[in-house]
Structures are given as structure tokens and as C-alpha cells.
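Novice: Could you have a look at this structure, given as C-alpha cells, before my questions?
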Protein chains: 2
Amino acid sequence: MDAKKVPDIIIGRLPVYLRTLRHLKEQGAHTTSSLELSRLVDVSAAQIRKDLSQFGEFGKQGTGYNIAFLIEKLLEILNIERVWDVALIGAGDVGHALAHYQGFVNSGFRISMIFDNDPVKIKQQIGLLSVQDASRMVEVIRSAGIKIAMLTVPASAAQEVTDKLVEAGITAILNYSPISLNVPQGVQIQNIDPAVGLQRMTYYLV
Amino acid sequence: MDAKKVPDIIIGRLPVYLRTLRHLKEQGAHTTSSLELSRLVDVSAAQIRKDLSQFGEFGKQGTGYNIAFLIEKLLEILNIERVWDVALIGAGDVGHALAHYQGFVNSGFRISMIFDNDPVKIKQQIGLLSVQDASRMVEVIRSAGIKIAMLTVPASAAQEVTDKLVEAGITAILNYSPISLNVPQGVQIQNIDPAVGLQRMTYYLV
């Protein structure tokens with residue numbers, strides 16, 4: 001089976017399953033069922049079983065899923081058995097929030113450099129990191145071999161900065177700027193836009 | 001046709017189309033095509049045509065979509081012809097970032113109250129708003145008739161605060177806490193978790 005052919009919509013649910021399994025493990029649970037997971041993640045039990053079955057046989061009829069084993073398999077499938085270094089671009093409010101975000105702990109990511117083009121922010125200390133001059137971004141990211149960036153610059157600058165990130169060898173961008181970015185094939189984008197999240201819900205509000 | 005039966009995955013793409021159409025309009029464009037949109041939003045042209053056709057006939061073969069008309073229809077479909085008041089819970093880094101976020105302008109939302117339980121933060125001014133005591137949250141939200149909340153409290157407090165939001169009459173929550181929330185049927189949740197966004201991309205990184 002070519003695992004890379006699994007629909008992206010399924011891949012998008014795996015991190016949520018992982019987060020939930022870890023939560024159950026922290027609470028002392030050893031096994032779980034698609035039914036229990038279903039109640040915790042708002043995906044049907046049948047869908048969860050189908051999603052996981054794309055990658056092998058993880059559960060047993062009657063006894064359910066071994067939580068530690070399933071966590072291990074999901075880490076492996078999602079390529080986060082390792083820790084990925086991430087470049088954070090933009091040291092404004094969102095940048096600060098991400099730099100202090102506790103949710104990255106054990107998630108497979110570590111912000112290892114922060115860039116901004118504002119002279120006031122350059123050399124500022126955020127946590128353990130010092131904000132670096134964005135004019136050196138391409139060079140520094142490339143020589144560190146970093147593949148993942150989080151983009152928190154204003155919309156007006158976002159495409160220009162993205163072009164530089166691609167030049168620097170970045171192949172995955174978590175985009176907080178409220179515009180859709182153009183990138184060459186092979187570069188992935190995930191957009192985080194609170195307005196989009198809210199608008200998706202108002203559809204259902206009467 | 002019962003519009004409410006449109007699959008949620010399609011609803012989730014409409015705000016992205018809307019954002020892109022507005023971007024085109026700002027740049028002075030009057031018409032667009034599913035092909036042009038496709039390049040801008042990374043959804044196939046056929047899928048875009050199929051998504052929009054769920055709601056009526058918006059484009060003409062050969063002449064494409066009238067941008068102003070399509071924007072108007074999408075605002076109507078998504079229930080954002082009006083401006084929704086939003087309660088922001090948590091005045092930490094993420095709360096500040098959201099309070100200052102420019103992407104809400106014209107998106108259909110206005111943060112109209114901010115709550116925190118930290119005595120140091122209560123009465124602090126964030127933009128035009130003063131942080132209110134979370135102990136009065138249920139009462140204040142309910143009497144204002146607010147239906148939408150953005151939740152930026154620590155994971156350990158998120159479920160407890162969510163229960164109170166539901167009690168206050170909130171029916172849509174944009175959740176920034178890195179846990180899955182339990183809510184009664186009829187209450188919607190959209191989760192914004194950067195770790196989930198990143199993990200979805202590392203699947204494809206070799």
C-alpha cells in the first residue's frame with residue numbers, strides 16, 4: 001500500500017486523534033475504543049476505524065486500541081518521532097503567542113529561530129531566543145536546513161516573505177496571515193485564520 | 001433544496017473563497033473564473049464549481065463569476081451580512097493577538113468583551129476594551145445575548161470555562177486551547193491548534 005495516497009482529509013484528523021490519545025494516557029488510561037474516541041473528537045466511531053485502518057490493524061474487536069501503541073504508530077505515520085526545528089517569522093502579537101505556546105511541548109516541534117524586520121524588535125529576547133534580522137533570514141534558514149516556518153507577518157508582506165522562505169528551502173508553512181499564499185508545487189501551506197473558523201460556524205447560526 | 005444539508009467540508013471552503021474574492025476585488029478585478037480561483041486557493045476548479053453550485057447558479061459559461069455578486073451571495077450564505085459580537089475569553093498572549101487582529105475587519109465579527117480571571121489583567125485596557133472579571137462572564141454574556149466566543153484559556157481550565165459559556169448561551173466556540181472540548185449538541189466548536197496544523201504537514205515531509 002502506498003501510504004502517501006491516503007486522502008489529506010484523513011491525515012488532517014490524525015493529529016487530533018493523537019492529541020486525544022495523549023490526553024487519555026495522561027489521565028491514566030491504557031486502552032480505548034473508537035466509540036470513546038468518537039465522543040472526544042466529534043468524528044463518528046465508524047470514521048475513526050476507517051481512518052486508522054488505512055495504516056494497518058491497530059485495534060482488536062472487543063478489546064479496542066492499546067493507547068501507547070497507537071500513539072507510537074501515529075507519531076511514526078506523522079513523522080514526528082523526531083523534533084522538527086521551526087522558524088518563526090514575525091515577532092508581533094501572534095509571534096509572541098506562538099513563542100510562548102505550551103501546546104508545542106511533545107508535539108514534535110521546537111521554535112529555534114525568530115525573525116523580524118522591525119529594528120525595534122531585532123535583538124529583543126523572546127523566551128530563550130533573540131529576534132534576528134529578517135534580512136539574513138534566507139541565509140540563516142538555509143544553512144540550518146530548516147524545512148518548516150510559521151508566518152505571522154502582516155498580509156501586505158506575506159507573499160514576499162513566503163517567496164524568500166521558499167528560496168531558503170522551507171517546504172511547509174503554517175500561515176497566520178489572512179491571505180492565500182502562492183507557492184510552488186511541493187511546498188505545503190496550512191492556513192490559520194480565525195475569521196475563516198468563525199465564518200464556518202455562523203453558517204449554522206440562525 | 002435544504003441548504004443545511006450541504007456537507008460541512010464545503011462550508012469550510014466558502015470563507016476561503018470569500019477571502020480570495022475580496023482580495024481580487026481590492027486589486028480592482030470585476031470577474032473571475034473557477035480556474036483563477038483554483039490557482040489562488042489550492043482547490044481544483046471542478047471542486048470550486050461543484051461547491052458553489054450547491055447554492056445556485058453563480059457563474060456563466062465563458063464569462064465566469066461576477067466578483068461583487070458572488071461576495072454578496074457568500075456573505076448571505078455564511079450569515080455574515082451582519083456583524084456578530086464575539087466574547088473573548090482569556091487576555092493572555094493569544095487573547096491580545098486576537099484583540100489586535102486586523103483580519104476581523106469586514107469579516108463579520110467584532111470582539112465586544114474580554115474576560116479573564118487574573119486580578120492583574122482585570123480592568124486592563126486592550127484596544128478599546130477593558131478586561132472584565134471572568135466571575136461575571138455568564139451573566140454579562142447572557143444579558144448581551146452573545147452567541148460566539150473565542151477561548152484562549154490554558155488547557156487545564158478550558159472545559160470548565162466551556163461549560164460556563166454554554167450556560168451563558170454561547171453556541172459557537174473558536175477554541176485555541178490544545179484540548180478537544182465536550183459540548184452539548186447544537187454547540188459548535190472550531191479548533192485552532194498550531195501543533196495540529198504542523199503535524200498535518202510533516203506527514204508529507206520526507
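The chains in the C-alpha cells are called A, B, ... from first to last as shown; in each chain the residues are counted from 1, and the ligands are counted from 1 in the order shown.
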For a quick test of understanding: name the residues of chain B lying within 8 Å of chain A when counting only C-alpha atoms, and present them as a ChimeraX atom specification.
Specialist: /B:4,11-12,14-16,19-20,23,39-41,77-80,93-94,96-97,100,103-104,107-109,171-172,174,178-182,188-190,192-205
Novice: Stretch 24-35 of chain B: which residues within 12 Å, counting only C-alpha atoms, same-chain residues fewer than 2 positions away excluded, as a ChimeraX atom specification?
Specialist: /A:179-180 /B:17-22,37-53,58-71
Novice: Could you write those residues out with C-alpha atoms, as an mmCIF file, in the first residue's frame?
Specialist:
data_model
loop_
_atom_site.group_PDB
_atom_site.id
_atom_site.type_symbol
_atom_site.label_atom_id
_atom_site.label_comp_id
_atom_site.auth_asym_id
_atom_site.auth_seq_id
_atom_site.Cartn_x
_atom_site.Cartn_y
_atom_site.Cartn_z
ATOM 1 C CA ILE A 179 -4.323 35.844 2.628
ATOM 2 C CA SER A 180 -3.886 32.762 0.476
ATOM 3 C CA TYR B 17 -13.343 31.617 -1.412
ATOM 4 C CA LEU B 18 -14.817 34.752 0.136
ATOM 5 C CA ARG B 19 -11.449 35.953 1.408
ATOM 6 C CA THR B 20 -9.916 35.367 -2.019
ATOM 7 C CA LEU B 21 -12.731 37.109 -3.906
ATOM 8 C CA ARG B 22 -12.330 40.144 -1.639
ATOM 9 C CA LEU B 37 -9.780 30.921 -8.044
ATOM 10 C CA SER B 38 -8.335 27.430 -8.169
ATOM 11 C CA ARG B 39 -4.814 28.798 -8.540
ATOM 12 C CA LEU B 40 -5.366 31.152 -5.604
ATOM 13 C CA VAL B 41 -6.918 28.760 -3.096
ATOM 14 C CA ASP B 42 -5.420 25.373 -3.951
ATOM 15 C CA VAL B 43 -8.761 23.662 -4.612
ATOM 16 C CA SER B 44 -9.454 22.239 -8.085
ATOM 17 C CA ALA B 45 -11.567 24.331 -10.471
ATOM 18 C CA ALA B 46 -14.069 21.471 -10.777
ATOM 19 C CA GLN B 47 -14.407 21.302 -6.996
ATOM 20 C CA ILE B 48 -14.944 25.067 -6.742
ATOM 21 C CA ARG B 49 -17.698 24.918 -9.393
ATOM 22 C CA LYS B 50 -19.281 21.974 -7.597
ATOM 23 C CA ASP B 51 -19.075 23.690 -4.191
ATOM 24 C CA LEU B 52 -20.690 26.912 -5.429
ATOM 25 C CA SER B 53 -23.355 25.092 -7.431
ATOM 26 C CA PHE B 58 -23.493 31.962 -9.821
ATOM 27 C CA GLY B 59 -21.296 31.763 -12.904
ATOM 28 C CA LYS B 60 -21.851 31.793 -16.618
ATOM 29 C CA GLN B 61 -20.002 29.529 -19.007
ATOM 30 C CA GLY B 62 -17.428 31.680 -20.763
ATOM 31 C CA THR B 63 -17.834 34.845 -18.693
ATOM 32 C CA GLY B 64 -17.119 33.381 -15.264
ATOM 33 C CA TYR B 65 -18.195 34.779 -11.914
ATOM 34 C CA ASN B 66 -19.124 38.378 -11.139
ATOM 35 C CA ILE B 67 -16.962 39.010 -8.073
ATOM 36 C CA ALA B 68 -19.182 41.564 -6.300
ATOM 37 C CA PHE B 69 -22.264 39.382 -6.773
ATOM 38 C CA LEU B 70 -20.511 36.233 -5.577
ATOM 39 C CA ILE B 71 -19.158 38.043 -2.493
#
Novice: Can you give chain A as a tab-separated table (two decimals) with C-alpha atoms, in the first residue's frame after you superpose it on chain B, pairing all C-alpha atoms in order for the least-squares fit?
Specialist:
chain	number	residue	atom	x	y	z
A	1	MET	CA	-33.21	22.34	-1.56
A	2	ASP	CA	-32.37	22.28	2.12
A	3	ALA	CA	-29.18	24.34	2.25
A	4	LYS	CA	-28.40	22.99	5.74
A	5	LYS	CA	-27.61	19.59	4.23
A	6	VAL	CA	-24.55	20.85	2.38
A	7	PRO	CA	-21.51	18.88	3.65
A	8	ASP	CA	-19.52	20.73	6.30
A	9	ILE	CA	-16.32	20.29	4.30
A	10	ILE	CA	-17.84	22.51	1.60
A	11	ILE	CA	-18.98	25.09	4.14
A	12	GLY	CA	-15.39	25.17	5.41
A	13	ARG	CA	-14.12	26.21	1.98
A	14	LEU	CA	-16.61	29.06	1.45
A	15	PRO	CA	-14.85	31.52	3.82
A	16	VAL	CA	-11.62	30.89	1.91
A	17	TYR	CA	-13.35	31.62	-1.41
A	18	LEU	CA	-14.83	34.75	0.15
A	19	ARG	CA	-11.45	35.96	1.41
A	20	THR	CA	-9.92	35.38	-2.01
A	21	LEU	CA	-12.75	37.11	-3.90
A	22	ARG	CA	-12.36	40.15	-1.65
A	23	HIS	CA	-8.64	40.16	-2.32
A	24	LEU	CA	-9.34	40.12	-6.08
A	25	LYS	CA	-11.91	42.91	-5.67
A	26	GLU	CA	-9.43	45.07	-3.74
A	27	GLN	CA	-7.02	44.62	-6.64
A	28	GLY	CA	-9.68	46.04	-8.96
A	29	ALA	CA	-10.98	42.85	-10.59
A	30	HIS	CA	-14.67	42.57	-11.52
A	31	THR	CA	-14.95	38.99	-12.73
A	32	THR	CA	-13.09	35.78	-12.08
A	33	SER	CA	-13.20	32.14	-13.09
A	34	SER	CA	-13.08	28.86	-11.20
A	35	LEU	CA	-9.66	28.39	-12.82
A	36	GLU	CA	-8.28	31.65	-11.45
A	37	LEU	CA	-9.78	30.95	-8.02
A	38	SER	CA	-8.32	27.47	-8.15
A	39	ARG	CA	-4.81	28.83	-8.54
A	40	LEU	CA	-5.35	31.20	-5.59
A	41	VAL	CA	-6.90	28.78	-3.08
A	42	ASP	CA	-5.41	25.40	-3.92
A	43	VAL	CA	-8.75	23.69	-4.60
A	44	SER	CA	-9.45	22.27	-8.08
A	45	ALA	CA	-11.56	24.36	-10.45
A	46	ALA	CA	-14.05	21.50	-10.75
A	47	GLN	CA	-14.39	21.32	-6.97
A	48	ILE	CA	-14.95	25.08	-6.73
A	49	ARG	CA	-17.69	24.93	-9.37
A	50	LYS	CA	-19.29	21.98	-7.58
A	51	ASP	CA	-19.07	23.68	-4.17
A	52	LEU	CA	-20.68	26.89	-5.42
A	53	SER	CA	-23.34	25.07	-7.43
A	54	GLN	CA	-24.73	23.73	-4.12
A	55	PHE	CA	-26.17	27.19	-3.54
A	56	GLY	CA	-27.38	28.17	-7.01
A	57	GLU	CA	-26.11	29.29	-10.37
A	58	PHE	CA	-23.49	31.96	-9.81
A	59	GLY	CA	-21.30	31.72	-12.87
A	60	LYS	CA	-21.87	31.77	-16.60
A	61	GLN	CA	-20.03	29.52	-19.00
A	62	GLY	CA	-17.47	31.68	-20.75
A	63	THR	CA	-17.87	34.84	-18.67
A	64	GLY	CA	-17.12	33.40	-15.23
A	65	TYR	CA	-18.22	34.79	-11.89
A	66	ASN	CA	-19.17	38.37	-11.11
A	67	ILE	CA	-16.99	39.02	-8.06
A	68	ALA	CA	-19.21	41.55	-6.27
A	69	PHE	CA	-22.27	39.37	-6.75
A	70	LEU	CA	-20.53	36.22	-5.54
A	71	ILE	CA	-19.16	38.04	-2.47
A	72	GLU	CA	-22.68	39.21	-1.67
A	73	LYS	CA	-24.09	35.69	-2.03
A	74	LEU	CA	-21.34	34.18	0.15
A	75	LEU	CA	-21.95	36.78	2.88
A	76	GLU	CA	-25.61	35.81	2.76
A	77	ILE	CA	-24.94	32.05	2.80
A	78	LEU	CA	-22.47	32.35	5.68
A	79	ASN	CA	-24.79	34.63	7.68
A	80	ILE	CA	-22.25	37.43	7.86
A	81	GLU	CA	-24.17	40.24	6.19
A	82	ARG	CA	-24.50	41.38	9.79
A	83	VAL	CA	-21.71	41.94	12.34
A	84	TRP	CA	-21.57	39.35	15.14
A	85	ASP	CA	-20.46	40.34	18.60
A	86	VAL	CA	-17.85	37.97	19.97
A	87	ALA	CA	-16.74	37.38	23.57
A	88	LEU	CA	-13.01	36.80	23.99
A	89	ILE	CA	-12.14	34.62	26.97
A	90	GLY	CA	-8.54	34.89	28.16
A	91	ALA	CA	-6.36	38.01	27.97
A	92	GLY	CA	-2.99	36.28	27.58
A	93	ASP	CA	-0.74	36.34	24.50
A	94	VAL	CA	-3.27	34.72	22.18
A	95	GLY	CA	-6.06	36.91	23.55
A	96	HIS	CA	-4.00	40.03	22.89
A	97	ALA	CA	-3.13	38.83	19.40
A	98	LEU	CA	-6.80	38.26	18.60
A	99	ALA	CA	-7.84	41.60	20.10
A	100	HIS	CA	-5.39	43.34	17.77
A	101	TYR	CA	-6.00	41.09	14.76
A	102	GLN	CA	-6.66	43.11	11.61
A	103	GLY	CA	-8.21	40.16	9.77
A	104	PHE	CA	-11.55	40.62	11.52
A	105	VAL	CA	-12.15	43.93	9.76
A	106	ASN	CA	-15.10	43.38	7.40
A	107	SER	CA	-15.13	39.68	8.24
A	108	GLY	CA	-18.45	39.93	10.09
A	109	PHE	CA	-17.09	39.90	13.65
A	110	ARG	CA	-16.30	42.37	16.38
A	111	ILE	CA	-14.80	41.45	19.73
A	112	SER	CA	-17.10	43.28	22.12
A	113	MET	CA	-16.00	41.93	25.49
A	114	ILE	CA	-12.88	40.35	27.01
A	115	PHE	CA	-12.78	38.27	30.20
A	116	ASP	CA	-10.00	36.94	32.39
A	117	ASN	CA	-9.84	35.60	35.94
A	118	ASP	CA	-6.39	37.05	36.69
A	119	PRO	CA	-6.71	40.06	39.06
A	120	VAL	CA	-3.67	41.62	37.36
A	121	LYS	CA	-5.39	41.54	33.98
A	122	ILE	CA	-8.89	42.56	35.08
A	123	LYS	CA	-9.58	46.23	34.18
A	124	GLN	CA	-6.53	46.27	31.88
A	125	GLN	CA	-7.23	48.12	28.66
A	126	ILE	CA	-6.81	46.16	25.39
A	127	GLY	CA	-7.52	48.41	22.46
A	128	LEU	CA	-10.90	50.00	23.23
A	129	LEU	CA	-11.99	47.30	25.67
A	130	SER	CA	-11.41	46.83	29.37
A	131	VAL	CA	-10.82	43.26	30.56
A	132	GLN	CA	-13.76	42.09	32.68
A	133	ASP	CA	-13.81	39.74	35.65
A	134	ALA	CA	-14.47	36.18	34.46
A	135	SER	CA	-16.63	35.58	37.53
A	136	ARG	CA	-19.30	37.76	35.88
A	137	MET	CA	-18.89	36.13	32.46
A	138	VAL	CA	-22.07	34.04	32.37
A	139	GLU	CA	-24.26	36.93	33.46
A	140	VAL	CA	-22.69	39.53	31.14
A	141	ILE	CA	-22.65	37.30	28.04
A	142	ARG	CA	-26.20	36.14	28.62
A	143	SER	CA	-27.61	39.62	29.08
A	144	ALA	CA	-25.81	40.83	25.95
A	145	GLY	CA	-27.20	37.87	23.99
A	146	ILE	CA	-23.79	36.98	22.57
A	147	LYS	CA	-23.63	33.63	20.74
A	148	ILE	CA	-19.96	33.38	19.72
A	149	ALA	CA	-16.86	33.07	21.91
A	150	MET	CA	-13.13	32.73	21.31
A	151	LEU	CA	-11.49	30.62	23.99
A	152	THR	CA	-7.83	31.27	24.77
A	153	VAL	CA	-7.51	29.95	28.33
A	154	PRO	CA	-5.00	27.28	29.42
A	155	ALA	CA	-5.93	23.68	28.56
A	156	SER	CA	-6.45	22.87	32.25
A	157	ALA	CA	-9.27	25.43	32.52
A	158	ALA	CA	-10.77	25.07	29.05
A	159	GLN	CA	-13.54	22.53	29.74
A	160	GLU	CA	-14.75	24.30	32.88
A	161	VAL	CA	-14.90	27.65	31.07
A	162	THR	CA	-16.64	25.99	28.11
A	163	ASP	CA	-19.37	24.63	30.39
A	164	LYS	CA	-19.95	28.18	31.64
A	165	LEU	CA	-20.03	29.56	28.09
A	166	VAL	CA	-22.68	27.01	27.16
A	167	GLU	CA	-24.62	28.02	30.30
A	168	ALA	CA	-24.33	31.64	29.13
A	169	GLY	CA	-25.98	30.79	25.81
A	170	ILE	CA	-22.88	30.60	23.59
A	171	THR	CA	-23.47	28.30	20.60
A	172	ALA	CA	-20.21	28.70	18.64
A	173	ILE	CA	-16.72	28.49	20.12
A	174	LEU	CA	-13.40	29.11	18.38
A	175	ASN	CA	-11.12	27.05	20.61
A	176	TYR	CA	-7.42	27.92	20.94
A	177	SER	CA	-6.83	25.58	23.91
A	178	PRO	CA	-4.98	22.42	22.85
A	179	ILE	CA	-7.71	20.02	24.02
A	180	SER	CA	-10.91	18.72	22.49
A	181	LEU	CA	-13.93	20.20	24.25
A	182	ASN	CA	-17.13	18.40	25.18
A	183	VAL	CA	-20.23	20.39	24.35
A	184	PRO	CA	-23.93	19.56	24.06
A	185	GLN	CA	-25.45	19.03	20.64
A	186	GLY	CA	-26.21	22.32	18.94
A	187	VAL	CA	-23.00	23.96	20.14
A	188	GLN	CA	-20.30	24.20	17.50
A	189	ILE	CA	-16.58	24.11	18.00
A	190	GLN	CA	-13.79	25.03	15.63
A	191	ASN	CA	-10.33	24.19	16.93
A	192	ILE	CA	-7.26	26.25	16.17
A	193	ASP	CA	-4.20	24.31	17.22
A	194	PRO	CA	-0.88	25.13	15.56
A	195	ALA	CA	0.57	21.73	16.54
A	196	VAL	CA	-2.23	20.00	14.63
A	197	GLY	CA	-1.57	22.21	11.59
A	198	LEU	CA	2.14	21.41	11.70
A	199	GLN	CA	1.65	17.67	12.22
A	200	ARG	CA	-0.62	17.53	9.23
A	201	MET	CA	2.27	18.80	7.11
A	202	THR	CA	5.08	16.66	8.54
A	203	TYR	CA	3.21	13.63	7.26
A	204	TYR	CA	4.31	14.73	3.81
A	205	LEU	CA	7.86	15.73	4.75
A	206	VAL	CA	10.48	13.12	4.10
Novice: Using DSSP on the backbone coordinates, identify all residues within stretch 16-75 of chain A classified as strand (DSSP E); present the result as a PyMOL selection string.
Specialist: chain A and resi 31-32+59-60+64-66
Novice: Write down as a PyMOL selection string the residues belonging to stretch 26-183 of chain A that are assigned alpha helix (DSSP H) by DSSP computed on the backbone.
Specialist: chain A and resi 26+34-41+45-53+67-77+93-99+137-144+155-167
Novice: For the residues in the current selection, export C-alpha atoms as an mmCIF file, in the first residue's frame.
Specialist:
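again-v1.cif, freshly written:
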data_model
loop_
_atom_site.group_PDB
_atom_site.id
_atom_site.type_symbol
_atom_site.label_atom_id
_atom_site.label_comp_id
_atom_site.auth_asym_id
_atom_site.auth_seq_id
_atom_site.Cartn_x
_atom_site.Cartn_y
_atom_site.Cartn_z
ATOM 1 C CA GLU A 26 -2.143 11.374 30.868
ATOM 2 C CA SER A 34 -13.398 4.044 18.570
ATOM 3 C CA LEU A 35 -16.616 4.825 20.456
ATOM 4 C CA GLU A 36 -14.821 6.583 23.304
ATOM 5 C CA LEU A 37 -12.578 8.465 20.857
ATOM 6 C CA SER A 38 -15.648 9.412 18.868
ATOM 7 C CA ARG A 39 -17.198 11.139 21.859
ATOM 8 C CA LEU A 40 -13.955 13.040 22.494
ATOM 9 C CA VAL A 41 -13.193 14.243 18.957
ATOM 10 C CA ALA A 45 -16.669 5.786 15.509
ATOM 11 C CA ALA A 46 -17.009 4.197 12.066
ATOM 12 C CA GLN A 47 -14.998 7.016 10.502
ATOM 13 C CA ILE A 48 -12.268 6.694 13.134
ATOM 14 C CA ARG A 49 -11.990 2.948 12.496
ATOM 15 C CA LYS A 50 -11.874 3.567 8.750
ATOM 16 C CA ASP A 51 -9.266 6.327 9.093
ATOM 17 C CA LEU A 52 -6.965 4.210 11.244
ATOM 18 C CA SER A 53 -7.419 1.097 9.110
ATOM 19 C CA ILE A 67 -3.274 3.701 23.649
ATOM 20 C CA ALA A 68 0.530 3.667 23.950
ATOM 21 C CA PHE A 69 0.868 1.555 20.822
ATOM 22 C CA LEU A 70 -1.496 3.725 18.793
ATOM 23 C CA ILE A 71 0.297 6.907 19.925
ATOM 24 C CA GLU A 72 3.587 5.378 18.806
ATOM 25 C CA LYS A 73 2.151 4.426 15.407
ATOM 26 C CA LEU A 74 0.639 7.890 14.882
ATOM 27 C CA LEU A 75 3.955 9.571 15.745
ATOM 28 C CA GLU A 76 5.577 7.329 13.154
ATOM 29 C CA ILE A 77 2.922 7.955 10.479
ATOM 30 C CA ASP A 93 1.438 39.578 19.000
ATOM 31 C CA VAL A 94 0.864 36.290 17.193
ATOM 32 C CA GLY A 95 4.591 35.600 17.076
ATOM 33 C CA HIS A 96 4.863 36.153 20.818
ATOM 34 C CA ALA A 97 1.847 33.950 21.458
ATOM 35 C CA LEU A 98 3.377 31.139 19.406
ATOM 36 C CA ALA A 99 6.785 31.542 21.044
ATOM 37 C CA MET A 137 16.558 35.064 7.016
ATOM 38 C CA VAL A 138 17.230 33.190 3.764
ATOM 39 C CA GLU A 139 20.866 32.599 4.600
ATOM 40 C CA VAL A 140 20.294 31.553 8.233
ATOM 41 C CA ILE A 141 17.371 29.219 7.494
ATOM 42 C CA ARG A 142 19.160 27.607 4.588
ATOM 43 C CA SER A 143 22.354 26.955 6.491
ATOM 44 C CA ALA A 144 20.392 25.475 9.400
ATOM 45 C CA ALA A 155 -0.935 40.353 4.946
ATOM 46 C CA SER A 156 0.761 43.020 2.822
ATOM 47 C CA ALA A 157 4.186 41.415 3.342
ATOM 48 C CA ALA A 158 3.150 37.774 3.440
ATOM 49 C CA GLN A 159 3.686 36.787 -0.213
ATOM 50 C CA GLU A 160 7.081 38.476 -0.455
ATOM 51 C CA VAL A 161 8.282 36.772 2.735
ATOM 52 C CA THR A 162 6.863 33.449 1.507
ATOM 53 C CA ASP A 163 8.885 33.705 -1.706
ATOM 54 C CA LYS A 164 12.011 34.171 0.414
ATOM 55 C CA LEU A 165 11.106 31.219 2.640
ATOM 56 C CA VAL A 166 10.750 29.016 -0.424
ATOM 57 C CA GLU A 167 14.132 30.311 -1.633
#
